[in-house]
>>> print(open('query_24.txt').read())   # compact mmCIF, C-alpha atoms
# COMPACT_ATOMS: atom_id res chain seq x y z
CA MET U 1132 -31.58 11.06 -17.94
CA ALA U 1133 -30.53 8.32 -15.64
CA LYS U 1134 -30.03 4.93 -17.19
CA VAL U 1135 -30.45 1.71 -15.29
CA ARG U 1136 -27.96 -1.11 -15.31
CA GLY U 1137 -28.49 -4.43 -13.66
CA ALA U 1138 -26.69 -7.66 -13.04
CA ILE U 1139 -27.63 -11.10 -11.82
CA VAL U 1140 -25.71 -13.74 -9.93
CA VAL U 1141 -26.87 -17.30 -10.55
CA ASP U 1142 -26.23 -19.96 -7.95
CA THR U 1143 -24.88 -22.47 -10.44
CA VAL U 1144 -24.94 -25.27 -7.87
CA THR U 1145 -28.72 -25.16 -7.32
CA CYS U 1146 -29.75 -24.03 -10.83
CA LYS U 1147 -31.66 -26.80 -12.62
CA GLY U 1148 -31.51 -25.24 -16.07
CA CYS U 1149 -35.30 -25.04 -16.46
CA SER U 1150 -34.81 -21.91 -18.66
CA LEU U 1151 -37.87 -20.12 -17.25
CA CYS U 1152 -35.56 -17.16 -16.50
CA VAL U 1153 -34.42 -17.12 -20.12
CA GLU U 1154 -38.07 -16.84 -21.22
CA SER U 1155 -38.95 -14.19 -18.66
CA CYS U 1156 -36.09 -11.81 -19.49
CA PRO U 1157 -37.41 -8.77 -21.39
CA THR U 1158 -33.96 -7.77 -22.67
CA ASP U 1159 -32.68 -11.21 -23.68
CA VAL U 1160 -29.79 -11.29 -21.24
CA ILE U 1161 -29.85 -14.87 -20.01
CA ARG U 1162 -28.82 -18.09 -21.71
CA LEU U 1163 -28.14 -21.63 -20.57
CA ALA U 1164 -24.47 -22.54 -20.41
CA ALA U 1165 -22.99 -25.32 -22.51
CA GLU U 1166 -21.31 -26.61 -19.34
CA VAL U 1167 -23.23 -28.49 -16.68
CA ASN U 1168 -23.14 -28.34 -12.90
CA ALA U 1169 -22.59 -31.27 -10.54
CA LYS U 1170 -26.23 -32.38 -10.98
CA GLY U 1171 -25.84 -32.37 -14.76
CA TYR U 1172 -27.95 -29.30 -15.48
CA ASN U 1173 -27.00 -26.56 -17.97
CA TYR U 1174 -27.09 -23.62 -15.58
CA ALA U 1175 -28.16 -20.08 -16.50
CA TYR U 1176 -25.69 -17.25 -17.02
CA MET U 1177 -25.62 -13.67 -18.37
CA GLU U 1178 -24.89 -13.80 -22.10
CA ASN U 1179 -25.47 -10.04 -22.67
CA PRO U 1180 -24.65 -8.40 -19.32
CA GLU U 1181 -24.83 -4.89 -20.86
CA ALA U 1182 -28.55 -5.31 -21.60
CA CYS U 1183 -29.60 -6.22 -18.04
CA ILE U 1184 -31.92 -3.66 -16.44
CA GLY U 1185 -32.21 -5.36 -13.05
CA CYS U 1186 -35.99 -5.87 -13.34
CA ALA U 1187 -35.79 -9.12 -11.31
CA ASN U 1188 -38.30 -10.91 -13.55
CA CYS U 1189 -35.89 -13.85 -13.80
CA ALA U 1190 -35.56 -14.08 -10.03
CA MET U 1191 -39.35 -13.89 -9.57
CA VAL U 1192 -40.03 -16.88 -11.82
CA CYS U 1193 -37.06 -18.96 -10.66
CA PRO U 1194 -38.51 -21.99 -8.84
CA ASP U 1195 -35.23 -22.70 -7.09
CA SER U 1196 -34.55 -19.15 -5.88
CA CYS U 1197 -31.05 -19.24 -7.28
CA ILE U 1198 -30.93 -15.75 -8.83
CA THR U 1199 -29.78 -12.65 -6.96
CA VAL U 1200 -30.38 -9.30 -8.66
CA TYR U 1201 -28.46 -6.04 -8.43
CA LYS U 1202 -29.43 -2.71 -9.93
CA VAL U 1203 -27.71 0.65 -10.20
CA LYS U 1204 -28.63 4.01 -11.73
CA VAL U 1205 -25.95 5.43 -13.96
CA ALA U 1206 -25.75 8.90 -15.50
CA GLU U 1207 -25.95 8.90 -19.31
CA ALA U 1208 -22.66 9.87 -20.94
CA VAL U 1209 -23.01 13.21 -22.76
CA MET N 368 -16.56 4.54 -19.23
CA ALA N 369 -18.49 1.32 -19.39
CA LEU N 370 -19.72 -0.06 -16.12
CA GLU N 371 -18.32 -3.49 -15.32
CA VAL N 372 -20.58 -6.21 -13.96
CA LYS N 373 -18.41 -6.50 -10.87
CA ASP N 374 -19.11 -2.81 -10.14
CA ILE N 375 -22.86 -3.48 -10.16
CA ILE N 376 -22.69 -6.56 -7.93
CA LYS N 377 -22.34 -4.81 -4.60
CA PRO N 378 -24.46 -5.14 -1.43
CA GLU N 379 -25.79 -1.56 -1.74
CA ASN N 380 -27.22 -2.33 -5.22
CA LEU N 381 -29.06 -5.49 -4.16
CA VAL N 382 -32.70 -5.51 -5.29
CA TYR N 383 -33.69 -9.16 -5.03
CA ALA N 384 -32.26 -12.07 -3.09
CA LYS N 385 -33.51 -15.38 -1.78
CA THR N 386 -35.50 -14.80 1.42
CA LYS N 387 -33.87 -15.90 4.69
CA LEU N 388 -36.93 -17.99 5.53
CA LEU N 389 -36.00 -20.49 2.84
CA THR N 390 -33.53 -23.08 4.08
CA GLU N 391 -30.29 -23.90 2.30
CA ARG N 392 -31.64 -27.30 1.32
CA MET N 393 -31.93 -27.85 -2.43
CA LEU N 394 -35.56 -28.31 -3.56
CA HIS N 395 -36.34 -31.86 -4.65
CA TYR N 396 -38.83 -30.71 -7.31
CA CYS N 397 -38.19 -31.30 -11.02
CA PRO N 398 -36.69 -28.40 -13.02
CA GLY N 399 -39.23 -25.65 -13.66
CA CYS N 400 -41.81 -26.94 -11.16
CA THR N 401 -44.38 -24.36 -10.04
CA HIS N 402 -44.15 -25.67 -6.46
CA GLY N 403 -40.76 -23.98 -6.09
CA VAL N 404 -42.17 -20.58 -7.03
CA VAL N 405 -45.17 -20.88 -4.70
CA ASN N 406 -42.99 -22.13 -1.81
CA LYS N 407 -40.74 -19.14 -2.30
CA LEU N 408 -43.66 -16.69 -2.41
CA ILE N 409 -45.18 -18.08 0.80
CA ALA N 410 -41.80 -17.68 2.51
CA GLU N 411 -41.47 -14.11 1.20
CA VAL N 412 -44.97 -13.12 2.35
CA ILE N 413 -44.42 -14.59 5.83
CA ASP N 414 -41.10 -12.74 5.99
CA GLU N 415 -42.63 -9.44 4.87
CA LEU N 416 -45.52 -9.68 7.33
CA ASN N 417 -42.99 -10.63 10.03
CA ILE N 418 -45.10 -13.57 11.25
CA GLN N 419 -42.46 -16.30 11.11
CA GLU N 420 -42.90 -17.18 14.79
CA ASP N 421 -46.71 -17.23 14.50
CA THR N 422 -47.24 -19.27 11.36
CA ILE N 423 -48.05 -22.97 11.24
CA GLY N 424 -48.21 -24.75 7.90
CA VAL N 425 -49.82 -28.07 7.12
CA THR N 426 -48.19 -30.12 4.39
CA PRO N 427 -50.04 -32.65 2.24
CA VAL N 428 -49.17 -35.92 0.61
CA GLY N 429 -47.85 -35.45 -2.89
CA CYS N 430 -44.83 -33.75 -4.42
CA SER N 431 -44.98 -30.96 -1.86
CA VAL N 432 -44.87 -33.37 1.10
CA LEU N 433 -41.31 -32.29 1.88
CA LEU N 434 -42.27 -28.61 2.02
CA TYR N 435 -41.54 -28.64 5.77
CA ASN N 436 -37.86 -28.93 4.92
CA TYR N 437 -37.82 -25.68 2.96
CA ILE N 438 -39.45 -22.90 4.99
CA GLU N 439 -38.29 -22.06 8.51
CA ILE N 440 -41.68 -22.05 10.28
CA ASP N 441 -43.62 -24.60 12.32
CA TRP N 442 -45.13 -27.42 10.31
CA HIS N 443 -47.50 -30.30 10.67
CA GLU N 444 -47.75 -33.18 8.22
CA ALA N 445 -51.27 -34.42 7.48
CA ALA N 446 -52.54 -37.73 6.14
CA HIS N 447 -53.50 -37.72 2.46
CA GLY N 448 -56.21 -35.12 1.85
CA ARG N 449 -56.70 -34.33 5.55
CA ALA N 450 -54.74 -31.08 5.70
CA PRO N 451 -57.90 -28.91 6.13
CA ALA N 452 -59.00 -31.09 9.07
CA VAL N 453 -55.58 -30.88 10.70
CA GLY N 454 -55.46 -27.14 9.97
CA THR N 455 -58.88 -26.75 11.59
CA GLY N 456 -57.64 -28.44 14.75
CA ILE N 457 -54.53 -26.26 14.94
CA LYS N 458 -56.45 -23.06 14.30
CA ARG N 459 -59.11 -23.85 16.90
CA LEU N 460 -56.54 -24.65 19.56
CA ARG N 461 -54.26 -21.74 18.68
CA PRO N 462 -56.57 -19.11 17.13
CA GLU N 463 -53.87 -16.43 17.43
CA LYS N 464 -51.60 -18.32 15.00
CA TYR N 465 -51.60 -17.98 11.23
CA VAL N 466 -52.47 -21.37 9.75
CA PHE N 467 -52.27 -22.42 6.14
CA THR N 468 -52.58 -25.69 4.27
CA TYR N 469 -50.73 -26.44 1.06
CA GLN N 470 -52.16 -29.17 -1.15
CA GLY N 471 -52.06 -30.45 -4.69
CA ASP N 472 -55.06 -31.45 -6.77
CA GLY N 473 -54.75 -35.16 -6.00
CA ASP N 474 -54.78 -34.32 -2.31
CA LEU N 475 -57.31 -31.48 -2.10
CA ALA N 476 -59.67 -32.34 -4.95
CA ALA N 477 -59.68 -36.15 -4.81
CA ILE N 478 -59.16 -37.93 -1.50
CA GLY N 479 -59.60 -34.71 0.49
CA THR N 480 -62.75 -33.36 -1.17
CA ALA N 481 -64.89 -33.81 1.93
CA GLU N 482 -62.37 -32.15 4.27
CA THR N 483 -61.90 -29.28 1.84
CA ILE N 484 -65.59 -28.56 1.34
CA HIS N 485 -66.49 -28.88 5.02
CA ALA N 486 -63.59 -26.74 6.23
CA CYS N 487 -64.60 -24.04 3.71
CA ASN N 488 -68.26 -24.42 4.65
CA ARG N 489 -67.47 -23.99 8.35
CA GLY N 490 -65.47 -20.92 7.38
CA GLU N 491 -62.35 -21.98 9.27
CA ASN N 492 -60.21 -18.89 9.61
CA MET N 493 -57.22 -20.17 7.63
CA LEU N 494 -55.64 -20.12 4.21
CA MET N 495 -55.82 -23.04 1.82
CA VAL N 496 -53.35 -23.09 -1.06
CA PHE N 497 -54.38 -25.40 -3.88
CA ILE N 498 -51.82 -26.29 -6.56
CA ASN N 499 -53.72 -27.53 -9.60
CA ASN N 500 -51.70 -29.11 -12.38
CA GLY N 501 -54.32 -31.62 -13.46
CA ILE N 502 -52.25 -34.69 -12.74
CA TYR N 503 -50.82 -36.84 -9.96
CA GLY N 504 -47.20 -35.76 -10.29
CA MET N 505 -45.53 -37.74 -7.51
CA THR N 506 -46.97 -41.16 -8.22
CA GLY N 507 -46.31 -41.22 -11.95
CA GLY N 508 -48.69 -38.92 -13.80
CA GLN N 509 -52.05 -40.60 -13.23
CA MET N 510 -55.35 -38.91 -14.06
CA ALA N 511 -56.60 -36.54 -11.35
CA PRO N 512 -60.15 -35.21 -10.88
CA THR N 513 -58.89 -31.95 -12.39
CA THR N 514 -57.39 -33.54 -15.52
CA LEU N 515 -58.77 -31.79 -18.60
CA GLU N 516 -61.00 -33.46 -21.14
CA GLY N 517 -58.80 -35.15 -23.74
CA MET N 518 -55.66 -34.66 -21.66
CA LYS N 519 -53.36 -37.66 -21.61
CA ALA N 520 -52.22 -39.22 -18.35
CA SER N 521 -50.75 -42.62 -17.52
CA THR N 522 -54.18 -43.96 -16.51
CA CYS N 523 -55.95 -42.38 -19.50
CA PRO N 524 -53.33 -42.81 -22.26
CA PHE N 525 -55.85 -41.87 -24.97
CA GLY N 526 -56.95 -38.73 -23.17
CA ARG N 527 -59.63 -38.21 -20.53
CA ASP N 528 -62.98 -39.39 -21.82
CA VAL N 529 -65.79 -37.58 -19.99
CA GLU N 530 -68.26 -40.34 -20.87
CA HIS N 531 -66.13 -42.80 -18.92
CA ASP N 532 -64.16 -40.66 -16.44
CA GLY N 533 -66.47 -37.75 -15.76
CA ASN N 534 -65.78 -34.05 -16.12
CA PRO N 535 -62.86 -32.05 -14.68
CA LEU N 536 -63.69 -31.00 -11.12
CA ASN N 537 -63.50 -27.27 -10.50
CA MET N 538 -62.98 -27.10 -6.74
CA THR N 539 -62.35 -23.38 -6.62
CA SER N 540 -65.71 -22.55 -8.20
CA ILE N 541 -67.39 -24.98 -5.79
CA VAL N 542 -65.90 -23.49 -2.63
CA ALA N 543 -66.66 -19.96 -3.87
CA THR N 544 -70.37 -20.77 -3.53
CA LEU N 545 -69.97 -21.65 0.16
CA PRO N 546 -70.79 -18.90 2.69
CA GLY N 547 -67.73 -19.70 4.84
CA THR N 548 -65.16 -18.55 2.31
CA CYS N 549 -64.14 -14.89 2.32
CA TYR N 550 -61.58 -14.81 -0.47
CA VAL N 551 -61.45 -17.25 -3.38
CA THR N 552 -59.07 -16.62 -6.24
CA ARG N 553 -57.36 -18.48 -9.05
CA GLN N 554 -53.81 -17.46 -9.94
CA ALA N 555 -50.79 -18.75 -11.83
CA ALA N 556 -47.03 -18.42 -11.47
CA HIS N 557 -45.72 -18.80 -15.01
CA THR N 558 -44.66 -15.19 -15.71
CA ALA N 559 -43.26 -12.39 -13.56
CA PRO N 560 -46.57 -10.39 -13.57
CA ALA N 561 -48.50 -13.54 -12.59
CA VAL N 562 -46.00 -14.20 -9.79
CA ARG N 563 -46.44 -10.64 -8.46
CA LYS N 564 -50.24 -11.04 -8.52
CA LEU N 565 -50.04 -14.36 -6.74
CA LYS N 566 -47.84 -12.85 -4.07
CA LYS N 567 -50.39 -10.08 -3.52
CA ALA N 568 -53.15 -12.68 -3.20
CA LEU N 569 -51.14 -14.67 -0.64
CA ARG N 570 -50.48 -11.53 1.36
CA LYS N 571 -54.16 -10.65 1.33
CA ALA N 572 -55.07 -14.16 2.49
CA PHE N 573 -52.75 -13.94 5.48
CA GLU N 574 -54.17 -10.52 6.33
CA ASN N 575 -57.71 -11.95 6.12
CA GLN N 576 -56.74 -14.33 8.90
CA LYS N 577 -55.71 -11.45 11.10
CA ASP N 578 -59.12 -9.86 10.46
CA LYS N 579 -60.88 -13.20 11.17
CA LYS N 580 -62.79 -13.09 7.92
CA GLY N 581 -63.10 -16.81 7.18
CA THR N 582 -61.47 -19.22 4.78
CA SER N 583 -59.20 -17.84 2.08
CA PHE N 584 -58.76 -20.22 -0.84
CA ILE N 585 -56.06 -19.68 -3.45
CA GLU N 586 -55.82 -21.98 -6.44
CA VAL N 587 -52.58 -21.84 -8.41
CA VAL N 588 -52.91 -23.26 -11.91
CA ALA N 589 -49.59 -25.02 -12.24
CA THR N 590 -47.53 -27.20 -14.53
CA CYS N 591 -46.09 -30.68 -14.18
CA SER N 592 -43.36 -30.91 -16.79
CA SER N 593 -42.48 -34.51 -15.91
CA GLY N 594 -46.09 -35.67 -15.83
CA TRP N 595 -47.07 -33.76 -18.95
CA LYS N 596 -43.91 -34.96 -20.77
CA MET N 597 -42.89 -31.46 -21.87
CA ASN N 598 -40.06 -29.11 -20.98
CA PRO N 599 -40.86 -26.29 -18.51
CA VAL N 600 -41.26 -23.63 -21.21
CA GLN N 601 -43.56 -25.83 -23.33
CA SER N 602 -45.54 -26.69 -20.19
CA ASN N 603 -46.21 -23.02 -19.48
CA LYS N 604 -47.38 -22.48 -23.06
CA TRP N 605 -49.57 -25.57 -22.92
CA MET N 606 -51.03 -24.40 -19.61
CA GLU N 607 -51.87 -20.98 -21.08
CA ALA N 608 -53.54 -22.54 -24.10
CA ASN N 609 -55.40 -25.41 -22.41
CA MET N 610 -55.68 -24.96 -18.65
CA PHE N 611 -56.63 -21.27 -18.55
CA PRO N 612 -59.83 -21.62 -20.64
CA ILE N 613 -61.12 -24.26 -18.18
CA TYR N 614 -59.58 -22.68 -15.07
CA PRO N 615 -59.70 -18.93 -15.82
CA LEU N 616 -57.53 -16.70 -13.65
CA GLY N 617 -58.85 -13.99 -11.38
CA ASP N 618 -60.71 -13.36 -8.12
CA ILE N 619 -63.93 -15.36 -7.88
CA LYS N 620 -65.00 -14.09 -4.48
CA ASP N 621 -63.70 -11.26 -2.33
CA VAL N 622 -65.82 -10.29 0.64
>>> encode(input="query_24.txt", output="structure tokens")
Amino acid sequence: MAKVRGAIVVDTVTCKGCSLCVESCPTDVIRLAAEVNAKGYNYAYMENPEACIGCANCAMVCPDSCITVYKVKVAEAV
Amino acid sequence: MALEVKDIIKPENLVYAKTKLLTERMLHYCPGCTHGVVNKLIAEVIDELNIQEDTIGVTPVGCSVLLYNYIEIDWHEAAHGRAPAVGTGIKRLRPEKYVFTYQGDGDLAAIGTAETIHACNRGENMLMVFINNGIYGMTGGQMAPTTLEGMKASTCPFGRDVEHDGNPLNMTSIVATLPGTCYVTRQAAHTAPAVRKLKKALRKAFENQKDKKGTSFIEVVATCSSGWKMNPVQSNKWMEANMFPIYPLGDIKDV
């Protein structure tokens, strides 16, 4: 059975750290960083990249359109 | 062998990216503002329908006044509340164009009530997007006609008192009773499923214009984290618990 792996890229310059993506993630991948960007916001990043399924929920709810989503099907190791 | 993140991030695996219709300019909205999501969805729908060259938007007065900086289409700025009147003029002169207005509750439901109701009653063949967060966000969180009973705002610090301030105005239910409207719906943009539904509604509204059906009216029940004095996540929860019972989601009219 094919397994799905995903990954997101957050534009840390435009991210405002609203954490709506953190709430929307079904697999608990995203967290807000302890560091801040130039505007002083704690930007989002992938805390558990292995769990990402590339569902794009985070990107859908992001008001600032700063998330890009990638998804790939991988064969399950036997 | 475990797949590295850098192996996934490749152009051929791309499933979602910011639409090219959105400009590079950083949105001026507060963190977590629903305006950003709706702006993005409008841009995506226009992109998907391939009507960038044929769409004219009318921006309001309010937080979304600078919307013309964010989507690469033709825009017209209207005086406070007069977006439906300006939209009517544009649509009548250029009936082949797709016209939409984008207004908040202070604009559409307060100073612009007359324009809104008459444009809907005439059945102007355009889309009206109504962002309802129950407060005047831009000017400092004053009470709006849509403010809920008991809800605190800077001009009703002890909560809205219906004896003194009247009842919340439900514009969407009002315009649904008018014969000119063809599609009236109330949506939200707080979760991914809600965002997908809202996008579908926006798409349908633009298609209604092509079919010359009449006025499409989409209310988006939204948050105002700064005005409500909550963080974006709390705002969404508060909206679900308090706004949705008064402004229930779903299609009200679909002819």
>>> residues_near_point(input="query_24.txt", point="(-23.7, -23.3, -17.5)", cutoff="10 Å", atoms="all atoms listed in the file", output="PDB file with C-alpha atoms, keeping the file's coordinate frame")
ATOM      1  CA  VAL U1141     -26.870 -17.300 -10.550  1.00  0.00           C
ATOM      2  CA  THR U1143     -24.880 -22.470 -10.440  1.00  0.00           C
ATOM      3  CA  VAL U1144     -24.940 -25.270  -7.870  1.00  0.00           C
ATOM      4  CA  CYS U1146     -29.750 -24.030 -10.830  1.00  0.00           C
ATOM      5  CA  LYS U1147     -31.660 -26.800 -12.620  1.00  0.00           C
ATOM      6  CA  GLY U1148     -31.510 -25.240 -16.070  1.00  0.00           C
ATOM      7  CA  ARG U1162     -28.820 -18.090 -21.710  1.00  0.00           C
ATOM      8  CA  LEU U1163     -28.140 -21.630 -20.570  1.00  0.00           C
ATOM      9  CA  ALA U1164     -24.470 -22.540 -20.410  1.00  0.00           C
ATOM     10  CA  ALA U1165     -22.990 -25.320 -22.510  1.00  0.00           C
ATOM     11  CA  GLU U1166     -21.310 -26.610 -19.340  1.00  0.00           C
ATOM     12  CA  VAL U1167     -23.230 -28.490 -16.680  1.00  0.00           C
ATOM     13  CA  ASN U1168     -23.140 -28.340 -12.900  1.00  0.00           C
ATOM     14  CA  GLY U1171     -25.840 -32.370 -14.760  1.00  0.00           C
ATOM     15  CA  TYR U1172     -27.950 -29.300 -15.480  1.00  0.00           C
ATOM     16  CA  ASN U1173     -27.000 -26.560 -17.970  1.00  0.00           C
ATOM     17  CA  TYR U1174     -27.090 -23.620 -15.580  1.00  0.00           C
ATOM     18  CA  ALA U1175     -28.160 -20.080 -16.500  1.00  0.00           C
ATOM     19  CA  TYR U1176     -25.690 -17.250 -17.020  1.00  0.00           C
ATOM     20  CA  MET U1177     -25.620 -13.670 -18.370  1.00  0.00           C
TER      21      MET U1177
END
>>> closest_residue(input="query_24.txt", among="N:Ala446, N:Ala589, N:Val542, N:Leu494", to="Lys620 of chain N", atoms="only C-alpha atoms")
N:Val542
>>> closest_atom_pairs(input="query_24.txt", of="chain N", to="chain U", cutoff="7 Å", atoms="all atoms listed in the file", output="Markdown table")
| residue | atom | partner | partner_atom | distance |
| --- | --- | --- | --- | --- |
| N:Val372 | CA | U:Ala1138 | CA | 6.3 |
| N:Ile375 | CA | U:Ala1138 | CA | 6.4 |
| N:Ile376 | CA | U:Tyr1201 | CA | 5.8 |
| N:Asn380 | CA | U:Tyr1201 | CA | 5.1 |
| N:Leu381 | CA | U:Tyr1201 | CA | 4.3 |
| N:Val382 | CA | U:Tyr1201 | CA | 5.3 |
| N:Tyr383 | CA | U:Val1200 | CA | 4.9 |
| N:Ala384 | CA | U:Thr1199 | CA | 4.6 |
| N:Lys385 | CA | U:Ser1196 | CA | 5.7 |
| N:Met393 | CA | U:Thr1145 | CA | 6.4 |
| N:Leu394 | CA | U:Asp1195 | CA | 6.6 |
| N:Pro398 | CA | U:Cys1149 | CA | 5.0 |
| N:Gly399 | CA | U:Cys1149 | CA | 4.9 |
| N:Cys400 | CA | U:Pro1194 | CA | 6.4 |
| N:Thr401 | CA | U:Pro1194 | CA | 6.4 |
| N:Gly403 | CA | U:Pro1194 | CA | 4.1 |
| N:Val404 | CA | U:Pro1194 | CA | 4.3 |
| N:His557 | CA | U:Val1192 | CA | 6.8 |
| N:Thr558 | CA | U:Val1192 | CA | 6.3 |
| N:Ala559 | CA | U:Asn1188 | CA | 5.2 |
| N:Val562 | CA | U:Met1191 | CA | 6.7 |
| N:Pro599 | CA | U:Cys1149 | CA | 6.1 |
| N:Val600 | CA | U:Leu1151 | CA | 6.3 |
>>> residues_around(input="query_24.txt", residues="segment 465-481 of chain N", least_positions_apart="4", cutoff="9 Å", atoms="only C-alpha atoms", output="MDAnalysis selection string")
chainID N and resid 418 421:432 434 447:451 453:455 457:458 461 485:486 492:504 510:513 536:538 573 576:577
>>> residues_around(input="query_24.txt", residues="Thr390 of chain N", least_positions_apart="5", cutoff="9 Å", atoms="only C-alpha atoms", output="PyMOL selection string")
chain N and resi 436-439
>>> residues_near_point(input="query_24.txt", point="(-62.2, -17.8, 1.2)", cutoff="8 Å", atoms="all atoms listed in the file", output="mmCIF file with C-alpha atoms, in the coordinates of the input")
data_model
loop_
_atom_site.group_PDB
_atom_site.id
_atom_site.type_symbol
_atom_site.label_atom_id
_atom_site.label_comp_id
_atom_site.auth_asym_id
_atom_site.auth_seq_id
_atom_site.Cartn_x
_atom_site.Cartn_y
_atom_site.Cartn_z
ATOM 1 C CA CYS N 487 -64.600 -24.040 3.710
ATOM 2 C CA GLY N 490 -65.470 -20.920 7.380
ATOM 3 C CA LEU N 494 -55.640 -20.120 4.210
ATOM 4 C CA VAL N 542 -65.900 -23.490 -2.630
ATOM 5 C CA ALA N 543 -66.660 -19.960 -3.870
ATOM 6 C CA GLY N 547 -67.730 -19.700 4.840
ATOM 7 C CA THR N 548 -65.160 -18.550 2.310
ATOM 8 C CA CYS N 549 -64.140 -14.890 2.320
ATOM 9 C CA TYR N 550 -61.580 -14.810 -0.470
ATOM 10 C CA VAL N 551 -61.450 -17.250 -3.380
ATOM 11 C CA GLY N 581 -63.100 -16.810 7.180
ATOM 12 C CA THR N 582 -61.470 -19.220 4.780
ATOM 13 C CA SER N 583 -59.200 -17.840 2.080
ATOM 14 C CA PHE N 584 -58.760 -20.220 -0.840
ATOM 15 C CA ILE N 585 -56.060 -19.680 -3.450
ATOM 16 C CA LYS N 620 -65.000 -14.090 -4.480
ATOM 17 C CA ASP N 621 -63.700 -11.260 -2.330
#
>>> atom_distance(input="query_24.txt", atom1="atom CA of Ala410 of chain N", atom2="atom CA of Lys464 of chain N")
15.9 Å
>>> atom_distance(input="query_24.txt", atom1="atom CA of Cys591 of chain N", atom2="atom CA of Gly517 of chain N")
16.5 Å
>>> build_atoms(input="query_24.txt", residues="segment 1157-1170 of chain U", atoms="N, CA, C and O atoms", output="PDB file, in the frame of the given file")
ATOM      1  N   PRO U1157     -36.920  -9.651 -20.328  1.00  0.00           N
ATOM      2  CA  PRO U1157     -37.410  -8.770 -21.390  1.00  0.00           C
ATOM      3  C   PRO U1157     -36.295  -8.242 -22.300  1.00  0.00           C
ATOM      4  O   PRO U1157     -36.577  -7.749 -23.392  1.00  0.00           O
ATOM      5  N   THR U1158     -35.049  -8.327 -21.863  1.00  0.00           N
ATOM      6  CA  THR U1158     -33.960  -7.770 -22.670  1.00  0.00           C
ATOM      7  C   THR U1158     -33.005  -8.857 -23.178  1.00  0.00           C
ATOM      8  O   THR U1158     -31.910  -8.553 -23.638  1.00  0.00           O
ATOM      9  N   ASP U1159     -33.437 -10.112 -23.073  1.00  0.00           N
ATOM     10  CA  ASP U1159     -32.680 -11.210 -23.680  1.00  0.00           C
ATOM     11  C   ASP U1159     -31.249 -11.314 -23.159  1.00  0.00           C
ATOM     12  O   ASP U1159     -30.305 -11.409 -23.935  1.00  0.00           O
ATOM     13  N   VAL U1160     -31.120 -11.276 -21.853  1.00  0.00           N
ATOM     14  CA  VAL U1160     -29.790 -11.290 -21.240  1.00  0.00           C
ATOM     15  C   VAL U1160     -29.306 -12.714 -20.962  1.00  0.00           C
ATOM     16  O   VAL U1160     -28.129 -13.027 -21.132  1.00  0.00           O
ATOM     17  N   ILE U1161     -30.246 -13.571 -20.582  1.00  0.00           N
ATOM     18  CA  ILE U1161     -29.850 -14.870 -20.010  1.00  0.00           C
ATOM     19  C   ILE U1161     -29.853 -15.991 -21.051  1.00  0.00           C
ATOM     20  O   ILE U1161     -30.699 -16.035 -21.938  1.00  0.00           O
ATOM     21  N   ARG U1162     -28.891 -16.882 -20.911  1.00  0.00           N
ATOM     22  CA  ARG U1162     -28.820 -18.090 -21.710  1.00  0.00           C
ATOM     23  C   ARG U1162     -28.454 -19.260 -20.792  1.00  0.00           C
ATOM     24  O   ARG U1162     -28.020 -19.054 -19.674  1.00  0.00           O
ATOM     25  N   LEU U1163     -28.621 -20.473 -21.315  1.00  0.00           N
ATOM     26  CA  LEU U1163     -28.140 -21.630 -20.570  1.00  0.00           C
ATOM     27  C   LEU U1163     -26.728 -21.967 -21.044  1.00  0.00           C
ATOM     28  O   LEU U1163     -26.449 -21.955 -22.244  1.00  0.00           O
ATOM     29  N   ALA U1164     -25.866 -22.270 -20.090  1.00  0.00           N
ATOM     30  CA  ALA U1164     -24.470 -22.540 -20.410  1.00  0.00           C
ATOM     31  C   ALA U1164     -24.335 -23.897 -21.100  1.00  0.00           C
ATOM     32  O   ALA U1164     -25.171 -24.776 -20.942  1.00  0.00           O
ATOM     33  N   ALA U1165     -23.269 -24.028 -21.879  1.00  0.00           N
ATOM     34  CA  ALA U1165     -22.990 -25.320 -22.510  1.00  0.00           C
ATOM     35  C   ALA U1165     -22.465 -26.306 -21.482  1.00  0.00           C
ATOM     36  O   ALA U1165     -22.635 -27.513 -21.609  1.00  0.00           O
ATOM     37  N   GLU U1166     -21.829 -25.756 -20.411  1.00  0.00           N
ATOM     38  CA  GLU U1166     -21.310 -26.610 -19.340  1.00  0.00           C
ATOM     39  C   GLU U1166     -22.443 -27.011 -18.405  1.00  0.00           C
ATOM     40  O   GLU U1166     -23.469 -26.349 -18.366  1.00  0.00           O
ATOM     41  N   VAL U1167     -22.220 -28.056 -17.650  1.00  0.00           N
ATOM     42  CA  VAL U1167     -23.230 -28.490 -16.680  1.00  0.00           C
ATOM     43  C   VAL U1167     -22.664 -28.402 -15.268  1.00  0.00           C
ATOM     44  O   VAL U1167     -21.450 -28.402 -15.076  1.00  0.00           O
ATOM     45  N   ASN U1168     -23.582 -28.325 -14.294  1.00  0.00           N
ATOM     46  CA  ASN U1168     -23.140 -28.340 -12.900  1.00  0.00           C
ATOM     47  C   ASN U1168     -23.066 -29.783 -12.393  1.00  0.00           C
ATOM     48  O   ASN U1168     -23.260 -30.734 -13.162  1.00  0.00           O
ATOM     49  N   ALA U1169     -22.813 -29.932 -11.090  1.00  0.00           N
ATOM     50  CA  ALA U1169     -22.590 -31.270 -10.540  1.00  0.00           C
ATOM     51  C   ALA U1169     -23.802 -32.185 -10.729  1.00  0.00           C
ATOM     52  O   ALA U1169     -23.670 -33.405 -10.797  1.00  0.00           O
ATOM     53  N   LYS U1170     -25.010 -31.586 -10.792  1.00  0.00           N
ATOM     54  CA  LYS U1170     -26.230 -32.380 -10.980  1.00  0.00           C
ATOM     55  C   LYS U1170     -26.479 -32.684 -12.465  1.00  0.00           C
ATOM     56  O   LYS U1170     -27.448 -33.364 -12.793  1.00  0.00           O
TER      57      LYS U1170
END
